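Notes follow once the structure below has been shown.
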Amino acid sequence: MEQTIGRRGLTARRFLSAVVLAGVLVALPATSEGATFRVHATSEREWKPDSLHIAKGSKVVWKNPTGSKHTLTAYKGAWHKDVTLSPGSRTHFVFKKRGTYKYRCTIHSTLSQGVCSGMCGKVQVN
Ligand SMILES: [Cu+2]
């Protein structure tokens, strides 16, 4: 029941529309295309988080805040070469294709018959 046609009423309705629109934008999932996700190495020799589910086109940034060197080595071809993360450094990768990308630090993990133990991580791109 809208009875206010005056200047005040219009303004109030516009304000309400803006609030509703803002709510819709905030409600968009965090996995929408183009989002940035962060993973960091821990001093317990883990990737945190060690498993990510992201949308195609998302960027993942890996940081190494520890005092040790780590490598970011994909064992199913996400990267063309090993990336060495020296203490305090970071790197990133934009995932343009769907798939499961497994990676590990070759210094702090072992890979035996496809099974990684230690500093292992996974990115699932949908
Ligand atoms: Cu490591």
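Residues in the structure tokens are named by chain (A, B, ... in the order shown) and by number from 1 within that chain; ligands are numbered from 1 in the order shown.
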Can I get the residues close to ligand 1 as an mmCIF file with N, CA, C and O atoms, in the first residue's frame, where close means within 12 Å and we count only C-alpha atoms and all ligand atoms?
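File produced: out_18.cif:
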```cif
data_model
loop_
_atom_site.group_PDB
_atom_site.id
_atom_site.type_symbol
_atom_site.label_atom_id
_atom_site.label_comp_id
_atom_site.auth_asym_id
_atom_site.auth_seq_id
_atom_site.Cartn_x
_atom_site.Cartn_y
_atom_site.Cartn_z
ATOM 1 N N HIS A 40 48.753 -20.413 2.639
ATOM 2 C CA HIS A 40 50.085 -20.114 3.160
ATOM 3 C C HIS A 40 50.742 -21.356 3.744
ATOM 4 O O HIS A 40 50.070 -22.285 4.190
ATOM 5 N N ALA A 41 52.044 -21.331 3.697
ATOM 6 C CA ALA A 41 52.833 -22.409 4.299
ATOM 7 C C ALA A 41 52.899 -22.141 5.792
ATOM 8 O O ALA A 41 52.956 -20.983 6.220
ATOM 9 N N THR A 42 52.857 -23.210 6.586
ATOM 10 C CA THR A 42 52.972 -23.031 8.041
ATOM 11 C C THR A 42 54.293 -23.618 8.516
ATOM 12 O O THR A 42 54.921 -24.424 7.808
ATOM 13 N N SER A 43 54.691 -23.246 9.719
ATOM 14 C CA SER A 43 55.938 -23.795 10.266
ATOM 15 C C SER A 43 55.772 -25.258 10.674
ATOM 16 O O SER A 43 56.754 -25.938 10.960
ATOM 17 N N GLU A 44 54.511 -25.746 10.687
ATOM 18 C CA GLU A 44 54.276 -27.182 10.919
ATOM 19 C C GLU A 44 54.385 -27.960 9.598
ATOM 20 O O GLU A 44 54.003 -29.123 9.517
ATOM 21 N N ARG A 45 54.849 -27.265 8.575
ATOM 22 C CA ARG A 45 55.038 -27.855 7.251
ATOM 23 C C ARG A 45 53.745 -28.387 6.648
ATOM 24 O O ARG A 45 53.611 -29.557 6.301
ATOM 25 N N GLU A 46 52.801 -27.456 6.584
ATOM 26 C CA GLU A 46 51.512 -27.747 5.945
ATOM 27 C C GLU A 46 51.172 -26.575 5.033
ATOM 28 O O GLU A 46 51.653 -25.475 5.235
ATOM 29 N N TRP A 47 50.273 -26.844 4.076
ATOM 30 C CA TRP A 47 49.660 -25.766 3.309
ATOM 31 C C TRP A 47 48.332 -25.499 3.984
ATOM 32 O O TRP A 47 47.604 -26.435 4.305
ATOM 33 N N LYS A 63 51.588 -17.982 -0.151
ATOM 34 C CA LYS A 63 52.545 -17.165 0.600
ATOM 35 C C LYS A 63 53.391 -18.053 1.484
ATOM 36 O O LYS A 63 52.917 -19.052 2.008
ATOM 37 N N ASN A 64 54.618 -17.656 1.666
ATOM 38 C CA ASN A 64 55.486 -18.387 2.563
ATOM 39 C C ASN A 64 55.975 -17.478 3.688
ATOM 40 O O ASN A 64 57.016 -16.830 3.580
ATOM 41 N N PRO A 65 55.213 -17.438 4.793
ATOM 42 C CA PRO A 65 55.628 -16.594 5.915
ATOM 43 C C PRO A 65 56.606 -17.305 6.854
ATOM 44 O O PRO A 65 56.970 -16.766 7.891
ATOM 45 N N THR A 66 57.010 -18.529 6.511
ATOM 46 C CA THR A 66 57.905 -19.286 7.388
ATOM 47 C C THR A 66 59.364 -18.913 7.112
ATOM 48 O O THR A 66 59.671 -18.227 6.138
ATOM 49 N N GLY A 67 60.241 -19.423 7.923
ATOM 50 C CA GLY A 67 61.661 -19.155 7.750
ATOM 51 C C GLY A 67 62.356 -20.188 6.870
ATOM 52 O O GLY A 67 63.572 -20.140 6.705
ATOM 53 N N SER A 68 61.568 -21.142 6.329
ATOM 54 C CA SER A 68 62.157 -22.191 5.493
ATOM 55 C C SER A 68 61.739 -22.039 4.042
ATOM 56 O O SER A 68 60.689 -21.481 3.737
ATOM 57 N N LYS A 69 62.540 -22.590 3.186
ATOM 58 C CA LYS A 69 62.232 -22.600 1.756
ATOM 59 C C LYS A 69 61.245 -23.730 1.471
ATOM 60 O O LYS A 69 61.348 -24.813 2.056
ATOM 61 N N HIS A 70 60.275 -23.490 0.614
ATOM 62 C CA HIS A 70 59.328 -24.527 0.200
ATOM 63 C C HIS A 70 59.220 -24.512 -1.312
ATOM 64 O O HIS A 70 59.472 -23.483 -1.943
ATOM 65 N N THR A 71 58.805 -25.624 -1.872
ATOM 66 C CA THR A 71 58.550 -25.614 -3.309
ATOM 67 C C THR A 71 57.075 -25.849 -3.549
ATOM 68 O O THR A 71 56.378 -26.449 -2.734
ATOM 69 N N LEU A 72 56.614 -25.344 -4.667
ATOM 70 C CA LEU A 72 55.236 -25.507 -5.081
ATOM 71 C C LEU A 72 55.337 -26.311 -6.372
ATOM 72 O O LEU A 72 55.611 -25.765 -7.429
ATOM 73 N N THR A 73 55.183 -27.606 -6.219
ATOM 74 C CA THR A 73 55.429 -28.492 -7.346
ATOM 75 C C THR A 73 54.164 -29.252 -7.689
ATOM 76 O O THR A 73 53.652 -30.006 -6.864
ATOM 77 N N VAL A 83 58.146 -24.170 -8.592
ATOM 78 C CA VAL A 83 58.264 -22.803 -8.114
ATOM 79 C C VAL A 83 58.866 -22.889 -6.725
ATOM 80 O O VAL A 83 58.386 -23.639 -5.885
ATOM 81 N N THR A 84 59.940 -22.184 -6.496
ATOM 82 C CA THR A 84 60.534 -22.162 -5.167
ATOM 83 C C THR A 84 60.043 -20.931 -4.425
ATOM 84 O O THR A 84 60.110 -19.816 -4.939
ATOM 85 N N LEU A 85 59.502 -21.186 -3.236
ATOM 86 C CA LEU A 85 59.020 -20.088 -2.405
ATOM 87 C C LEU A 85 60.043 -19.861 -1.292
ATOM 88 O O LEU A 85 60.064 -20.594 -0.301
ATOM 89 N N SER A 86 60.860 -18.860 -1.459
ATOM 90 C CA SER A 86 61.829 -18.558 -0.401
ATOM 91 C C SER A 86 61.095 -17.861 0.747
ATOM 92 O O SER A 86 59.987 -17.360 0.570
ATOM 93 N N PRO A 87 61.697 -17.847 1.943
ATOM 94 C CA PRO A 87 61.024 -17.219 3.085
ATOM 95 C C PRO A 87 60.557 -15.794 2.764
ATOM 96 O O PRO A 87 61.312 -15.000 2.208
ATOM 97 N N TYR A 103 49.396 -30.601 -5.766
ATOM 98 C CA TYR A 103 50.756 -30.057 -5.702
ATOM 99 C C TYR A 103 51.360 -30.398 -4.352
ATOM 100 O O TYR A 103 50.672 -30.826 -3.428
ATOM 101 N N ARG A 104 52.661 -30.229 -4.251
ATOM 102 C CA ARG A 104 53.335 -30.528 -2.985
ATOM 103 C C ARG A 104 54.628 -29.752 -2.887
ATOM 104 O O ARG A 104 55.122 -29.214 -3.885
ATOM 105 N N CYS A 105 55.159 -29.724 -1.677
ATOM 106 C CA CYS A 105 56.492 -29.177 -1.464
ATOM 107 C C CYS A 105 57.418 -30.382 -1.534
ATOM 108 O O CYS A 105 57.286 -31.320 -0.745
ATOM 109 N N THR A 106 58.330 -30.374 -2.477
ATOM 110 C CA THR A 106 59.206 -31.540 -2.654
ATOM 111 C C THR A 106 60.203 -31.689 -1.505
ATOM 112 O O THR A 106 60.760 -32.767 -1.310
ATOM 113 N N ILE A 107 60.417 -30.639 -0.736
ATOM 114 C CA ILE A 107 61.347 -30.716 0.398
ATOM 115 C C ILE A 107 60.685 -31.391 1.605
ATOM 116 O O ILE A 107 61.311 -32.146 2.328
ATOM 117 N N HIS A 108 59.375 -31.124 1.785
ATOM 118 C CA HIS A 108 58.681 -31.592 2.986
ATOM 119 C C HIS A 108 57.549 -32.571 2.701
ATOM 120 O O HIS A 108 56.539 -32.590 3.424
ATOM 121 N N SER A 109 57.657 -33.337 1.642
ATOM 122 C CA SER A 109 56.644 -34.364 1.374
ATOM 123 C C SER A 109 57.283 -35.493 0.580
ATOM 124 O O SER A 109 58.368 -35.339 0.023
ATOM 125 N N THR A 110 56.572 -36.602 0.556
ATOM 126 C CA THR A 110 57.000 -37.710 -0.291
ATOM 127 C C THR A 110 55.836 -38.095 -1.185
ATOM 128 O O THR A 110 54.672 -37.920 -0.822
ATOM 129 N N SER A 117 52.349 -37.670 0.966
ATOM 130 C CA SER A 117 52.218 -37.461 2.407
ATOM 131 C C SER A 117 53.182 -36.383 2.844
ATOM 132 O O SER A 117 54.301 -36.282 2.334
ATOM 133 N N GLY A 118 52.710 -35.556 3.767
ATOM 134 C CA GLY A 118 53.497 -34.415 4.208
ATOM 135 C C GLY A 118 52.856 -33.126 3.722
ATOM 136 O O GLY A 118 51.651 -32.947 3.841
ATOM 137 N N MET A 119 53.666 -32.285 3.144
ATOM 138 C CA MET A 119 53.203 -30.956 2.738
ATOM 139 C C MET A 119 52.586 -31.010 1.340
ATOM 140 O O MET A 119 53.224 -30.684 0.341
ATOM 141 N N CYS A 120 51.306 -31.466 1.310
ATOM 142 C CA CYS A 120 50.608 -31.710 0.049
ATOM 143 C C CYS A 120 49.363 -30.827 -0.022
ATOM 144 O O CYS A 120 48.735 -30.559 0.999
ATOM 145 N N GLY A 121 49.001 -30.429 -1.201
ATOM 146 C CA GLY A 121 47.814 -29.594 -1.360
ATOM 147 C C GLY A 121 47.044 -29.938 -2.618
ATOM 148 O O GLY A 121 47.547 -30.653 -3.495
#
```
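Going from atom CA of A:Val94 to atom CA of A:Leu111 covers 24.7 Å.
Computed from the coordinates, the atom CA of A:Phe93 to atom CA of A:Phe37 distance equals 10.1 Å.
If you measure from each of A:Lys102, A:Gln124, A:Val115, A:Val39 to A:Ala74 using only C-alpha atoms, the closest one turns out to be A:Lys102.
For the pair atom CA of A:Ser89 and atom CA of A:Lys59, the interatomic distance is 16.6 Å.
Among A:Tyr101, A:Gly114, A:Asn126, A:Arg90, the residue with the shortest atom-to-atom distance to A:Asp50, counting only C-alpha atoms, is A:Tyr101.
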Q | Pick from A:Thr91, A:Lys122, A:Lys96, A:Asp82, whichever lies nearest to A:Gly34 using only C-alpha atoms | A | A:Lys96
Q. Neighbours of A:Lys97 within 8 Å (only C-alpha atoms; same-chain residues fewer than 5 positions away dropped), as a VMD selection string?
A. chain A and resid 56 to 57 125
Expected file contents, prior selection, all heavy atoms, as a PDB file, in the first residue's frame:
```pdb
ATOM      1  N   LYS A  56      36.433 -21.723 -12.034  1.00  0.00           N
ATOM      2  CA  LYS A  56      37.355 -21.485 -13.136  1.00  0.00           C
ATOM      3  C   LYS A  56      37.602 -19.979 -13.259  1.00  0.00           C
ATOM      4  O   LYS A  56      36.674 -19.186 -13.152  1.00  0.00           O
ATOM      5  CB  LYS A  56      36.690 -22.022 -14.410  1.00  0.00           C
ATOM      6  CG  LYS A  56      37.584 -22.150 -15.590  1.00  0.00           C
ATOM      7  CD  LYS A  56      36.825 -22.765 -16.753  1.00  0.00           C
ATOM      8  CE  LYS A  56      35.775 -21.802 -17.286  1.00  0.00           C
ATOM      9  NZ  LYS A  56      35.236 -22.211 -18.597  1.00  0.00           N
ATOM     10  N   GLY A  57      38.841 -19.604 -13.477  1.00  0.00           N
ATOM     11  CA  GLY A  57      39.176 -18.185 -13.605  1.00  0.00           C
ATOM     12  C   GLY A  57      39.630 -17.557 -12.302  1.00  0.00           C
ATOM     13  O   GLY A  57      40.046 -16.404 -12.286  1.00  0.00           O
ATOM     14  N   VAL A 125      39.051 -27.172  -9.308  1.00  0.00           N
ATOM     15  CA  VAL A 125      38.493 -26.069 -10.090  1.00  0.00           C
ATOM     16  C   VAL A 125      37.221 -26.532 -10.786  1.00  0.00           C
ATOM     17  O   VAL A 125      37.244 -27.492 -11.566  1.00  0.00           O
ATOM     18  CB  VAL A 125      39.527 -25.573 -11.129  1.00  0.00           C
ATOM     19  CG1 VAL A 125      38.976 -24.390 -11.913  1.00  0.00           C
ATOM     20  CG2 VAL A 125      40.843 -25.205 -10.451  1.00  0.00           C
TER      21      VAL A 125
END
```
